[in-house]
file coords_2.txt (compact mmCIF, C-alpha atoms)
# COMPACT_ATOMS: atom_id res chain seq x y z
CA GLY A 262 105.33 82.73 126.59
CA CYS A 263 101.83 82.06 125.29
CA ALA A 264 101.23 79.64 128.19
CA LEU A 265 100.48 82.81 130.14
CA ALA A 266 97.00 82.68 128.57
CA TRP A 267 96.18 79.62 130.72
CA ALA A 268 97.98 80.76 133.85
CA ALA A 269 96.08 81.60 137.01
CA ARG A 270 94.98 85.20 137.48
CA GLN A 271 97.49 85.82 140.26
CA LEU A 272 100.35 84.65 138.02
CA ARG A 273 99.23 86.93 135.18
CA ALA A 274 99.55 89.76 137.71
CA ASP A 275 103.03 88.64 138.81
CA LYS A 276 105.58 90.97 137.19
CA GLU A 277 108.43 88.45 137.30
CA VAL A 278 106.31 85.76 135.62
CA VAL A 279 104.98 88.16 132.98
CA LEU A 280 108.45 89.54 132.20
CA GLU A 281 109.72 86.01 131.55
CA ALA A 282 106.70 85.29 129.34
CA VAL A 283 107.00 88.44 127.18
CA ARG A 284 110.74 87.92 126.76
CA GLN A 285 109.95 84.55 125.23
CA GLU A 286 107.05 85.81 123.15
CA GLY A 287 105.98 89.46 122.91
CA TRP A 288 102.37 88.49 122.19
CA ALA A 289 102.09 87.20 125.77
CA LEU A 290 101.50 90.83 126.81
CA ALA A 291 97.88 90.34 125.67
CA TRP A 292 97.24 88.07 128.69
CA ALA A 293 99.07 90.14 131.30
CA ALA A 294 97.08 91.89 134.02
CA PRO A 295 95.98 95.48 133.13
CA GLN A 296 98.44 97.09 135.55
CA LEU A 297 101.35 95.25 133.92
CA ARG A 298 100.25 96.25 130.41
CA ALA A 299 100.76 99.80 131.67
CA ASP A 300 104.21 98.96 133.07
CA LYS A 301 106.95 100.50 130.92
CA GLU A 302 109.53 97.79 131.71
CA VAL A 303 107.15 94.97 130.80
CA VAL A 304 105.99 96.65 127.57
CA LEU A 305 109.59 97.43 126.54
CA ALA A 306 110.52 93.77 127.00
CA ALA A 307 107.52 92.71 124.90
CA VAL A 308 108.19 95.19 122.08
CA ARG A 309 111.84 94.19 121.98
CA GLY A 310 110.69 90.70 120.99
CA ASN A 311 107.77 91.74 118.78
CA SER A 312 106.79 95.30 117.84
CA GLU A 313 103.18 94.16 117.35
CA ALA A 314 102.95 93.66 121.11
CA MET A 315 102.63 97.45 121.40
CA LYS A 316 98.94 97.22 120.54
CA TYR A 317 98.32 95.37 123.83
CA ALA A 318 99.94 98.13 125.89
CA ALA A 319 97.62 100.26 128.00
CA ALA A 320 96.24 103.38 126.30
CA GLU A 321 97.92 105.67 128.82
CA LEU A 322 101.33 104.15 128.01
CA ARG A 323 100.79 104.51 124.26
CA ALA A 324 100.14 108.20 124.90
CA ASP A 325 103.16 108.64 127.17
CA ARG A 326 105.76 110.57 125.13
CA GLU A 327 108.83 109.40 127.05
CA ALA A 328 107.67 105.79 127.03
CA VAL A 329 106.86 105.85 123.31
CA ILE A 330 110.25 107.33 122.44
CA ASP A 331 111.92 104.46 124.32
CA LEU A 332 109.68 101.98 122.54
CA VAL A 333 110.27 103.31 119.00
CA GLN A 334 114.01 103.37 119.65
CA GLN A 335 113.73 99.63 120.22
CA ASP A 336 111.63 99.15 117.09
CA GLY A 337 110.32 102.01 114.95
CA GLU A 338 107.29 99.91 113.94
CA ALA A 339 105.91 100.46 117.45
CA LEU A 340 104.91 103.94 116.23
CA ARG A 341 101.90 102.28 114.57
CA TYR A 342 100.19 101.87 117.95
CA ALA A 343 101.21 105.19 119.50
CA SER A 344 98.53 107.80 120.06
CA GLU A 345 97.66 110.07 117.13
CA GLU A 346 99.17 113.01 118.98
CA LEU A 347 102.55 111.25 119.22
CA ARG A 348 102.41 110.11 115.60
CA ALA A 349 102.26 113.82 114.78
CA ASP A 350 105.17 114.63 117.12
CA LYS A 351 108.25 115.31 114.96
CA SER A 352 110.75 114.31 117.65
CA VAL A 353 109.00 110.97 118.20
CA VAL A 354 108.79 110.29 114.45
CA LEU A 355 112.47 111.18 113.95
CA GLU A 356 113.44 108.58 116.58
CA ALA A 357 111.17 106.03 114.95
CA VAL A 358 112.52 106.45 111.39
CA ARG A 359 116.11 106.22 112.60
CA SER A 360 115.22 102.79 113.94
CA ARG A 361 113.11 101.60 111.02
CA ALA A 362 112.42 103.33 107.67
CA SER A 363 108.95 101.78 107.45
CA ALA A 364 107.96 103.65 110.64
CA LEU A 365 107.42 106.74 108.48
CA GLU A 366 104.39 104.98 107.03
CA HIS A 367 102.64 105.40 110.39
CA ALA A 368 103.43 109.10 110.81
CA VAL A 369 100.86 111.74 109.92
CA PRO A 370 100.96 112.92 106.24
CA GLN A 371 102.52 116.27 107.15
CA LEU A 372 105.59 114.50 108.54
CA GLN A 373 105.81 112.14 105.58
CA ALA A 374 106.27 115.29 103.51
CA ASP A 375 108.78 116.84 105.92
CA LYS A 376 112.24 117.13 104.36
CA GLU A 377 114.10 116.89 107.66
CA VAL A 378 112.32 113.67 108.56
CA ALA A 379 112.94 112.29 105.06
CA LEU A 380 116.66 113.11 105.26
CA ALA A 381 116.91 111.42 108.65
CA ALA A 382 115.34 108.31 107.15
CA VAL A 383 117.45 108.12 103.96
CA ARG A 384 120.69 108.91 105.83
CA ARG A 385 120.13 105.78 107.89
CA HIS A 386 118.38 103.40 105.50
CA GLY A 387 119.29 104.56 102.00
CA VAL A 388 117.01 104.10 98.99
CA ALA A 389 114.53 101.91 100.89
CA ALA A 390 113.33 104.95 102.87
CA LEU A 391 112.11 106.67 99.68
CA CYS A 392 109.21 104.22 99.61
CA PHE A 393 107.65 105.90 102.65
CA VAL A 394 108.04 109.62 101.94
CA SER A 395 105.61 111.78 100.01
CA GLU A 396 105.77 112.28 96.25
CA ASP A 397 107.03 115.84 96.68
CA VAL A 398 109.95 114.70 98.81
CA ARG A 399 110.91 112.02 96.28
CA ALA A 400 111.27 114.85 93.76
CA ASP A 401 113.77 116.67 96.00
CA LYS A 402 117.27 116.30 94.49
CA GLU A 403 119.07 116.56 97.84
CA VAL A 404 116.97 113.84 99.44
CA VAL A 405 117.42 111.45 96.50
CA ARG A 406 121.16 112.14 96.34
CA GLU A 407 121.55 111.43 100.06
CA ALA A 408 119.55 108.23 99.61
CA PHE A 409 121.90 106.92 96.92
CA LEU A 410 125.03 107.93 98.83
CA GLN A 411 123.81 106.17 101.96
CA GLN A 412 122.82 103.13 99.95
CA GLU A 413 126.36 102.88 98.63
CA ARG A 414 127.72 103.10 102.17
CA ASN A 415 125.23 100.49 103.39
CA ASP A 416 126.20 98.13 100.57
CA LYS A 417 129.90 98.47 101.37
CA MET A 418 129.21 97.82 105.04
CA ALA A 419 127.11 94.77 104.17
CA LYS A 420 129.95 93.39 102.02
CA ARG A 421 132.45 93.91 104.84
CA ASP A 422 130.14 92.16 107.28
CA MET A 423 129.66 89.31 104.83
CA ALA A 424 133.41 88.97 104.36
CA LYS A 425 133.86 88.82 108.15
CA ASP A 426 131.19 86.12 108.39
CA VAL A 427 132.84 84.12 105.62
CA ARG A 428 136.23 84.36 107.35
CA ARG A 429 134.68 83.40 110.67
CA VAL A 430 133.19 80.27 109.09
CA ALA A 431 136.09 79.48 106.73
CA THR A 432 138.89 79.66 109.33
CA PRO A 433 137.76 76.67 111.42
CA LEU A 434 136.89 74.74 108.25
CA ALA A 435 140.38 75.32 106.84
CA ALA A 436 141.91 74.20 110.15
CA GLN A 437 139.73 71.10 110.08
CA ARG A 438 140.81 70.31 106.51
CA ARG A 439 144.47 70.75 107.47
CA GLY A 440 143.97 68.39 110.39
CA VAL A 441 142.33 65.75 108.17
CA ALA A 442 145.11 66.10 105.57
CA GLN A 443 147.75 65.66 108.30
CA GLN A 444 145.98 62.55 109.58
CA ASN A 445 145.87 61.12 106.06
CA ARG A 446 149.59 61.82 105.57
CA THR A 447 150.38 60.15 108.89
CA ARG A 448 148.35 57.08 107.96
CA ALA A 449 149.97 56.91 104.52
CA ASN A 450 153.46 57.16 106.05
CA SER A 451 152.60 54.43 108.56
CA ALA A 452 151.35 52.19 105.75
CA VAL A 453 154.55 52.76 103.72
CA ALA A 454 156.71 52.03 106.76
CA ALA A 455 154.78 48.82 107.49
CA THR A 456 155.10 47.69 103.86
CA SER A 457 158.86 48.36 103.83
CA ALA A 458 159.32 46.44 107.08
CA ALA A 459 157.36 43.48 105.71
CA ALA A 460 159.44 43.50 102.51
CA ALA A 461 162.72 43.56 104.47
CA GLN A 462 161.58 40.69 106.68
CA ALA A 463 160.56 38.67 103.63
CA LYS A 464 164.08 39.08 102.19
CA ARG A 465 165.65 37.74 105.39
CA ARG A 466 163.48 34.60 105.38
CA PRO A 467 164.40 31.75 102.90
CA SER A 468 161.87 31.03 100.23
CA SER A 469 159.99 27.72 99.89
CA ALA A 470 162.22 26.70 96.95
CA GLY A 471 165.25 27.54 99.05
CA LYS A 472 163.95 25.38 101.86
CA VAL A 473 163.48 22.40 99.48
CA ALA A 474 166.98 22.84 98.03
CA ALA A 475 168.49 23.05 101.48
CA SER A 476 166.63 19.92 102.53
CA GLY A 477 167.86 18.06 99.42
CA ALA A 478 171.42 19.14 100.04
CA SER A 479 171.22 17.92 103.61
CA HIS A 480 170.00 14.50 102.49
CA TRP A 481 172.79 14.25 99.90
CA LEU A 482 175.39 15.12 102.49
CA ILE A 483 174.02 12.48 104.84
CA ALA A 484 174.11 9.86 102.04
CA ALA A 485 177.62 10.84 101.06
CA ALA A 486 178.74 10.61 104.65
CA ALA A 487 177.20 7.15 104.96
CA GLY A 488 179.04 5.97 101.80
CA ALA A 489 182.33 7.26 103.11
CA SER A 490 181.80 5.43 106.37
CA SER A 491 181.11 2.15 104.53
CA GLU A 492 184.38 2.39 102.65
CA LEU A 493 186.32 3.07 105.78
CA LEU A 494 184.77 0.07 107.54
CA GLY A 495 185.50 -2.28 104.60
CA LYS A 496 181.91 -3.10 103.97
CA PRO A 497 181.09 -4.42 100.48
CA LYS A 498 179.86 -1.84 98.12
CA ARG A 499 176.89 -2.61 95.90
CA SER A 500 177.45 -2.29 92.19
CA GLY A 501 175.11 -0.17 90.27
CA THR A 502 174.57 -2.93 87.58
CA PRO A 503 171.45 -5.06 88.11
CA GLY A 504 172.12 -8.73 88.87
CA THR A 505 175.75 -8.26 89.98
CA CYS A 506 177.50 -7.73 93.28
CA CYS A 507 180.89 -6.57 94.29
CA PHE A 508 182.34 -10.17 93.83
CA GLY A 509 180.99 -10.73 90.32
CA ARG A 510 177.70 -12.02 88.87
CA ALA A 511 175.07 -13.34 91.11
call {"tool": "encode", "arguments": {"input": "coords_2.txt", "output": "structure tokens"}}
result
Amino acid sequence: GCALAWAARQLRADKEVVLEAVRQEGWALAWAAPQLRADKEVVLAAVRGNSEAMKYAAAELRADREAVIDLVQQDGEALRYASEELRADKSVVLEAVRSRASALEHAVPQLQADKEVALAAVRRHGVAALCFVSEDVRADKEVVREAFLQQERNDKMAKRDMAKDVRRVATPLAAQRRGVAQQNRTRANSAVAATSAAAAQAKRRPSSAGKVAASGASHWLIAAAAGASSELLGKPKRSGTPGTCCFGRA
């Protein structure tokens, strides 16, 4: 937007280029060509982004009633840079205060003391609008009552909006938490299943002690079989007493 300040003169006179610049940054209107600062579409786009851009609008546009009404409907603060005649125009000021309560600060004193204007402000903005009306109007019971009633409505609306925002944020978070919890349960179940399978497999396999016992039993059976074979073949059998044999002493 502000790069428009260093753009070539022909580009600062190009409506398409200037529109893009003021949409990015309303202040860019300060560097637009004079004919574009008098262009309602360009100024509206600038004020929509920044009400202060109104001060760079051409004097004839700031004195154009229809154009100023459109501008203050976008942002009531634009009334600050309207011509004095329009700041004294009740219809223009009414449109401005409906958009922004603080716009009343830029109206002429007679309109700051106008009950109809004050009611229009408090019925839209509540108690905050009382800051910008005259002392006499702040002493008017009807105006103050309307301000408090509207404030109550505004507060309720703000709470509803906040609740909607919380739900909008909380719903995906809750879904995400449920998804994480489901993943954790799945992993835990998989771990339990793997542990059970390992335990069952361990039961089916013989232990190390079992293997040793089985090996010893096998050797004993082999020895026993060998002894039985010797008897059947008539081979002499060694005595278990040292120094003797099967035929007597050595």
call {"tool": "atom_distance", "arguments": {"input": "coords_2.txt", "atom1": "atom CA of Leu365 of chain A", "atom2": "atom CA of Glu403 of chain A"}}
result
18.6 Å
call {"tool": "atom_distance", "arguments": {"input": "coords_2.txt", "atom1": "atom CA of Gly337 of chain A", "atom2": "atom CA of Val358 of chain A"}}
result
6.1 Å
call {"tool": "atom_distance", "arguments": {"input": "coords_2.txt", "atom1": "atom CA of His367 of chain A", "atom2": "atom CA of Lys351 of chain A"}}
result
12.3 Å
call {"tool": "residues_near_point", "arguments": {"input": "coords_2.txt", "point": "(97.9, 93.9, 136.9)", "cutoff": "10 Å", "atoms": "all atoms listed in the file", "output": "PyMOL selection string"}}
result
chain A and resi 270-276+279+293-300
call {"tool": "closest_residue", "arguments": {"input": "coords_2.txt", "among": "A:Arg341, A:Arg326, A:Arg384, A:Arg406", "to": "Ala364 of chain A", "atoms": "only C-alpha atoms"}}
result
A:Arg341
call {"tool": "closest_residue", "arguments": {"input": "coords_2.txt", "among": "A:Ala362, A:Ala419, A:Val427, A:Leu410", "to": "Val394 of chain A", "atoms": "only C-alpha atoms"}}
result
A:Ala362
call {"tool": "build_atoms", "arguments": {"input": "coords_2.txt", "residues": "segment 306-317 of chain A", "atoms": "all heavy atoms", "output": "PDB file, in the coordinates of the input"}}
result
ATOM      1  N   ALA A 306     110.041  95.138 127.212  1.00  0.00           N
ATOM      2  CA  ALA A 306     110.520  93.770 127.000  1.00  0.00           C
ATOM      3  C   ALA A 306     109.692  93.069 125.933  1.00  0.00           C
ATOM      4  O   ALA A 306     110.225  92.326 125.102  1.00  0.00           O
ATOM      5  CB  ALA A 306     110.448  92.989 128.313  1.00  0.00           C
ATOM      6  N   ALA A 307     108.394  93.332 125.904  1.00  0.00           N
ATOM      7  CA  ALA A 307     107.520  92.710 124.900  1.00  0.00           C
ATOM      8  C   ALA A 307     107.802  93.247 123.506  1.00  0.00           C
ATOM      9  O   ALA A 307     107.910  92.486 122.531  1.00  0.00           O
ATOM     10  CB  ALA A 307     106.063  92.937 125.283  1.00  0.00           C
ATOM     11  N   VAL A 308     107.946  94.567 123.389  1.00  0.00           N
ATOM     12  CA  VAL A 308     108.190  95.190 122.080  1.00  0.00           C
ATOM     13  C   VAL A 308     109.555  94.806 121.536  1.00  0.00           C
ATOM     14  O   VAL A 308     109.734  94.664 120.318  1.00  0.00           O
ATOM     15  CB  VAL A 308     108.044  96.735 122.195  1.00  0.00           C
ATOM     16  CG1 VAL A 308     108.526  97.429 120.928  1.00  0.00           C
ATOM     17  CG2 VAL A 308     106.587  97.101 122.481  1.00  0.00           C
ATOM     18  N   ARG A 309     110.507  94.596 122.428  1.00  0.00           N
ATOM     19  CA  ARG A 309     111.840  94.190 121.980  1.00  0.00           C
ATOM     20  C   ARG A 309     111.756  92.850 121.234  1.00  0.00           C
ATOM     21  O   ARG A 309     112.484  92.620 120.268  1.00  0.00           O
ATOM     22  CB  ARG A 309     112.775  94.060 123.187  1.00  0.00           C
ATOM     23  CG  ARG A 309     114.235  93.873 122.825  1.00  0.00           C
ATOM     24  CD  ARG A 309     115.109  93.857 124.069  1.00  0.00           C
ATOM     25  NE  ARG A 309     115.161  95.150 124.709  1.00  0.00           N
ATOM     26  CZ  ARG A 309     114.703  95.425 125.943  1.00  0.00           C
ATOM     27  NH1 ARG A 309     114.158  94.455 126.666  1.00  0.00           N
ATOM     28  NH2 ARG A 309     114.766  96.626 126.448  1.00  0.00           N
ATOM     29  N   GLY A 310     110.852  91.987 121.661  1.00  0.00           N
ATOM     30  CA  GLY A 310     110.690  90.700 120.990  1.00  0.00           C
ATOM     31  C   GLY A 310     109.742  90.755 119.803  1.00  0.00           C
ATOM     32  O   GLY A 310     109.897  90.010 118.846  1.00  0.00           O
ATOM     33  N   ASN A 311     108.763  91.666 119.852  1.00  0.00           N
ATOM     34  CA  ASN A 311     107.770  91.740 118.780  1.00  0.00           C
ATOM     35  C   ASN A 311     107.103  93.107 118.841  1.00  0.00           C
ATOM     36  O   ASN A 311     106.368  93.400 119.778  1.00  0.00           O
ATOM     37  CB  ASN A 311     106.729  90.621 118.958  1.00  0.00           C
ATOM     38  CG  ASN A 311     105.782  90.527 117.789  1.00  0.00           C
ATOM     39  OD1 ASN A 311     105.588  91.480 117.046  1.00  0.00           O
ATOM     40  ND2 ASN A 311     105.170  89.361 117.619  1.00  0.00           N
ATOM     41  N   SER A 312     107.339  93.935 117.823  1.00  0.00           N
ATOM     42  CA  SER A 312     106.790  95.300 117.840  1.00  0.00           C
ATOM     43  C   SER A 312     105.267  95.311 117.866  1.00  0.00           C
ATOM     44  O   SER A 312     104.645  96.261 118.344  1.00  0.00           O
ATOM     45  CB  SER A 312     107.299  96.086 116.628  1.00  0.00           C
ATOM     46  OG  SER A 312     106.839  95.492 115.421  1.00  0.00           O
ATOM     47  N   GLU A 313     104.648  94.237 117.361  1.00  0.00           N
ATOM     48  CA  GLU A 313     103.180  94.160 117.350  1.00  0.00           C
ATOM     49  C   GLU A 313     102.604  94.094 118.762  1.00  0.00           C
ATOM     50  O   GLU A 313     101.423  94.360 118.961  1.00  0.00           O
ATOM     51  CB  GLU A 313     102.739  92.927 116.553  1.00  0.00           C
ATOM     52  CG  GLU A 313     102.994  93.016 115.058  1.00  0.00           C
ATOM     53  CD  GLU A 313     102.090  94.045 114.393  1.00  0.00           C
ATOM     54  OE1 GLU A 313     100.897  94.105 114.726  1.00  0.00           O
ATOM     55  OE2 GLU A 313     102.599  94.793 113.545  1.00  0.00           O
ATOM     56  N   ALA A 314     103.432  93.734 119.736  1.00  0.00           N
ATOM     57  CA  ALA A 314     102.950  93.660 121.110  1.00  0.00           C
ATOM     58  C   ALA A 314     102.521  95.020 121.636  1.00  0.00           C
ATOM     59  O   ALA A 314     101.754  95.113 122.600  1.00  0.00           O
ATOM     60  CB  ALA A 314     104.038  93.075 122.012  1.00  0.00           C
ATOM     61  N   MET A 315     102.962  96.091 120.976  1.00  0.00           N
ATOM     62  CA  MET A 315     102.630  97.450 121.400  1.00  0.00           C
ATOM     63  C   MET A 315     101.121  97.680 121.432  1.00  0.00           C
ATOM     64  O   MET A 315     100.608  98.449 122.251  1.00  0.00           O
ATOM     65  CB  MET A 315     103.304  98.442 120.451  1.00  0.00           C
ATOM     66  CG  MET A 315     103.034  99.898 120.727  1.00  0.00           C
ATOM     67  SD  MET A 315     103.772 100.467 122.273  1.00  0.00           S
ATOM     68  CE  MET A 315     103.496 102.235 122.133  1.00  0.00           C
ATOM     69  N   LYS A 316     100.395  96.988 120.578  1.00  0.00           N
ATOM     70  CA  LYS A 316      98.940  97.220 120.540  1.00  0.00           C
ATOM     71  C   LYS A 316      98.239  96.701 121.788  1.00  0.00           C
ATOM     72  O   LYS A 316      97.095  97.065 122.061  1.00  0.00           O
ATOM     73  CB  LYS A 316      98.329  96.598 119.291  1.00  0.00           C
ATOM     74  CG  LYS A 316      98.335  95.096 119.217  1.00  0.00           C
ATOM     75  CD  LYS A 316      97.725  94.670 117.884  1.00  0.00           C
ATOM     76  CE  LYS A 316      97.787  93.164 117.693  1.00  0.00           C
ATOM     77  NZ  LYS A 316      97.238  92.780 116.378  1.00  0.00           N
ATOM     78  N   TYR A 317      98.920  95.872 122.589  1.00  0.00           N
ATOM     79  CA  TYR A 317      98.320  95.370 123.830  1.00  0.00           C
ATOM     80  C   TYR A 317      98.706  96.226 125.032  1.00  0.00           C
ATOM     81  O   TYR A 317      98.258  95.964 126.148  1.00  0.00           O
ATOM     82  CB  TYR A 317      98.746  93.921 124.072  1.00  0.00           C
ATOM     83  CG  TYR A 317      98.328  92.998 122.957  1.00  0.00           C
ATOM     84  CD1 TYR A 317      99.267  92.389 122.145  1.00  0.00           C
ATOM     85  CD2 TYR A 317      96.968  92.768 122.703  1.00  0.00           C
ATOM     86  CE1 TYR A 317      98.881  91.555 121.114  1.00  0.00           C
ATOM     87  CE2 TYR A 317      96.583  91.933 121.663  1.00  0.00           C
ATOM     88  CZ  TYR A 317      97.541  91.331 120.870  1.00  0.00           C
ATOM     89  OH  TYR A 317      97.142  90.516 119.840  1.00  0.00           O
TER      90      TYR A 317
END
